Amino acid sequence: MALVTATDIMNQLHIDINDTEEATIQGLLDFATQYVTNIVTNNGTIDNVVAGTNEKLVNTTLSTIVANLYYDRYLLESGGFSIGVQVLMNNLRNIYKGV
């Protein structure tokens, strides 16, 4: 299994694949990857997160963050990340830190 890609997420969300949408999703995925890495490891890499947790959980978290940002780009309507994203992030952090 590999880390989720922009194309994987576009297929999950049934977004038409074109250059504009793919660039948007890739940008959101890059942000989500950096966000997860910073929250979970402080200064590690996404590979460290996967090695210390579970690739399926990491992929689900990344996909969920991208979906949240795609449909609520500035998180204005929701007031922030969804409860689901918060739960996934807490689980990743706790598993990584051995809590």
# chains A, B, ... in the order shown; residues from 1 in each chain; ligands from 1
call {"tool": "select_by_dssp", "arguments": {"residues": "chain A", "states": "alpha helix (DSSP H)", "output": "NGL selection string"}}
result
:A and (6-13 or 19-41 or 46-52 or 55-71 or 83-97)
call {"tool": "residues_around", "arguments": {"residues": "segment 80-92 of chain A", "least_positions_apart": "3", "cutoff": "7 Å", "atoms": "only C-alpha atoms", "output": "list in words"}}
result
Val40, Thr53, Thr61, Thr64, Ile65, Asn68, Leu75, Leu76, Ile95 and Tyr96 of chain A
call {"tool": "write_last_selection", "arguments": {"atoms": "N, CA and C atoms", "output": "PDB file, in the first residue's frame"}}
result
ATOM      1  N   VAL A  40       1.873  15.674  14.349  1.00  0.00           N
ATOM      2  CA  VAL A  40       2.194  14.372  14.935  1.00  0.00           C
ATOM      3  C   VAL A  40       3.658  14.276  15.375  1.00  0.00           C
ATOM      4  N   THR A  53       2.699   4.720  13.013  1.00  0.00           N
ATOM      5  CA  THR A  53       1.251   4.551  13.195  1.00  0.00           C
ATOM      6  C   THR A  53       0.748   3.458  12.267  1.00  0.00           C
ATOM      7  N   THR A  61      -6.833   9.992   7.163  1.00  0.00           N
ATOM      8  CA  THR A  61      -6.711  11.338   7.727  1.00  0.00           C
ATOM      9  C   THR A  61      -6.406  12.352   6.633  1.00  0.00           C
ATOM     10  N   THR A  64      -9.472  12.893   4.435  1.00  0.00           N
ATOM     11  CA  THR A  64     -10.523  13.625   5.146  1.00  0.00           C
ATOM     12  C   THR A  64     -10.180  15.107   5.260  1.00  0.00           C
ATOM     13  N   ILE A  65      -8.929  15.419   5.527  1.00  0.00           N
ATOM     14  CA  ILE A  65      -8.508  16.825   5.584  1.00  0.00           C
ATOM     15  C   ILE A  65      -8.680  17.479   4.218  1.00  0.00           C
ATOM     16  N   ASN A  68     -12.350  18.133   3.591  1.00  0.00           N
ATOM     17  CA  ASN A  68     -12.799  19.275   4.400  1.00  0.00           C
ATOM     18  C   ASN A  68     -12.384  20.592   3.753  1.00  0.00           C
ATOM     19  N   LEU A  75     -12.421  27.037   5.749  1.00  0.00           N
ATOM     20  CA  LEU A  75     -12.983  26.541   7.005  1.00  0.00           C
ATOM     21  C   LEU A  75     -13.846  27.595   7.691  1.00  0.00           C
ATOM     22  N   LEU A  76     -14.467  28.454   6.872  1.00  0.00           N
ATOM     23  CA  LEU A  76     -15.299  29.524   7.418  1.00  0.00           C
ATOM     24  C   LEU A  76     -16.670  29.026   7.840  1.00  0.00           C
ATOM     25  N   ILE A  95      -1.186   7.317  18.886  1.00  0.00           N
ATOM     26  CA  ILE A  95      -0.535   6.079  18.456  1.00  0.00           C
ATOM     27  C   ILE A  95       0.956   6.331  18.243  1.00  0.00           C
ATOM     28  N   TYR A  96       1.281   7.445  17.592  1.00  0.00           N
ATOM     29  CA  TYR A  96       2.683   7.756  17.321  1.00  0.00           C
ATOM     30  C   TYR A  96       3.477   7.915  18.604  1.00  0.00           C
TER      31      TYR A  96
END
call {"tool": "residues_around", "arguments": {"residues": "segment 27-29 of chain A", "least_positions_apart": "6", "cutoff": "9 Å", "atoms": "only C-alpha atoms", "output": "list in words"}}
result
Val4, Thr5, Ala6, Ile9, Leu62, Ser63, Ile65, Val66, Ala67, Leu69 and Tyr70 of chain A
call {"tool": "write_last_selection", "arguments": {"atoms": "all heavy atoms", "output": "compact mmCIF listing (two decimals), in the first residue's frame"}}
result
# COMPACT_ATOMS: atom_id res chain seq x y z
N VAL A 4 -1.82 7.95 -0.15
CA VAL A 4 -2.90 8.40 -1.01
C VAL A 4 -2.38 9.50 -1.96
O VAL A 4 -1.53 10.30 -1.58
CB VAL A 4 -4.10 8.88 -0.16
CG1 VAL A 4 -3.79 10.15 0.60
CG2 VAL A 4 -5.35 9.04 -1.00
N THR A 5 -2.90 9.50 -3.19
CA THR A 5 -2.51 10.51 -4.18
C THR A 5 -3.68 11.43 -4.47
O THR A 5 -4.83 11.14 -4.10
CB THR A 5 -2.08 9.85 -5.50
OG1 THR A 5 -3.23 9.20 -6.09
CG2 THR A 5 -0.95 8.85 -5.30
N ALA A 6 -3.40 12.51 -5.17
CA ALA A 6 -4.45 13.45 -5.57
C ALA A 6 -5.49 12.72 -6.43
O ALA A 6 -6.70 12.93 -6.26
CB ALA A 6 -3.86 14.64 -6.32
N ILE A 9 -7.84 10.63 -4.29
CA ILE A 9 -8.83 11.47 -3.59
C ILE A 9 -9.89 11.98 -4.56
O ILE A 9 -11.08 11.98 -4.24
CB ILE A 9 -8.13 12.64 -2.86
CG1 ILE A 9 -7.26 12.08 -1.73
CG2 ILE A 9 -9.16 13.63 -2.33
CD1 ILE A 9 -6.36 13.11 -1.08
N LEU A 62 -5.46 12.04 5.76
CA LEU A 62 -5.11 12.96 4.68
C LEU A 62 -6.30 13.20 3.76
O LEU A 62 -6.61 14.34 3.41
CB LEU A 62 -3.92 12.41 3.87
CG LEU A 62 -2.59 12.35 4.58
CD1 LEU A 62 -1.55 11.63 3.72
CD2 LEU A 62 -2.11 13.74 4.97
N SER A 63 -6.99 12.13 3.38
CA SER A 63 -8.16 12.26 2.50
C SER A 63 -9.26 13.10 3.15
O SER A 63 -9.90 13.91 2.48
CB SER A 63 -8.73 10.88 2.15
OG SER A 63 -7.80 10.12 1.44
N ILE A 65 -8.93 15.42 5.53
CA ILE A 65 -8.51 16.82 5.58
C ILE A 65 -8.68 17.48 4.22
O ILE A 65 -9.21 18.59 4.12
CB ILE A 65 -7.05 16.95 6.07
CG1 ILE A 65 -6.96 16.58 7.55
CG2 ILE A 65 -6.51 18.35 5.84
CD1 ILE A 65 -5.55 16.46 8.08
N VAL A 66 -8.25 16.80 3.16
CA VAL A 66 -8.39 17.36 1.82
C VAL A 66 -9.86 17.60 1.49
O VAL A 66 -10.22 18.66 0.96
CB VAL A 66 -7.72 16.45 0.76
CG1 VAL A 66 -8.08 16.90 -0.65
CG2 VAL A 66 -6.21 16.45 0.95
N ALA A 67 -10.73 16.65 1.80
CA ALA A 67 -12.16 16.82 1.54
C ALA A 67 -12.72 18.01 2.31
O ALA A 67 -13.49 18.82 1.77
CB ALA A 67 -12.93 15.55 1.88
N LEU A 69 -11.14 20.67 3.34
CA LEU A 69 -10.63 21.90 2.74
C LEU A 69 -11.19 22.15 1.34
O LEU A 69 -11.40 23.30 0.95
CB LEU A 69 -9.09 21.87 2.69
CG LEU A 69 -8.39 21.96 4.03
CD1 LEU A 69 -6.90 21.68 3.87
CD2 LEU A 69 -8.62 23.31 4.68
N TYR A 70 -11.43 21.10 0.59
CA TYR A 70 -11.97 21.27 -0.76
C TYR A 70 -13.38 21.86 -0.73
O TYR A 70 -13.69 22.76 -1.49
CB TYR A 70 -11.98 19.92 -1.49
CG TYR A 70 -12.43 20.03 -2.92
CD1 TYR A 70 -11.58 20.51 -3.90
CD2 TYR A 70 -13.73 19.67 -3.29
CE1 TYR A 70 -11.99 20.63 -5.22
CE2 TYR A 70 -14.14 19.77 -4.61
CZ TYR A 70 -13.28 20.25 -5.57
OH TYR A 70 -13.70 20.37 -6.88
call {"tool": "closest_residue", "arguments": {"among": "A:Gly52, A:Thr41, A:Ile46, A:Ala2", "to": "Gly98 of chain A", "atoms": "only C-alpha atoms"}}
result
A:Gly52
call {"tool": "atom_distance", "arguments": {"atom1": "atom CA of Asp72 of chain A", "atom2": "atom CA of Leu57 of chain A"}}
result
22.2 Å
call {"tool": "closest_residue", "arguments": {"among": "A:Arg93, A:His14, A:Lys56, A:Arg73", "to": "Val36 of chain A", "atoms": "only C-alpha atoms"}}
result
A:Arg93
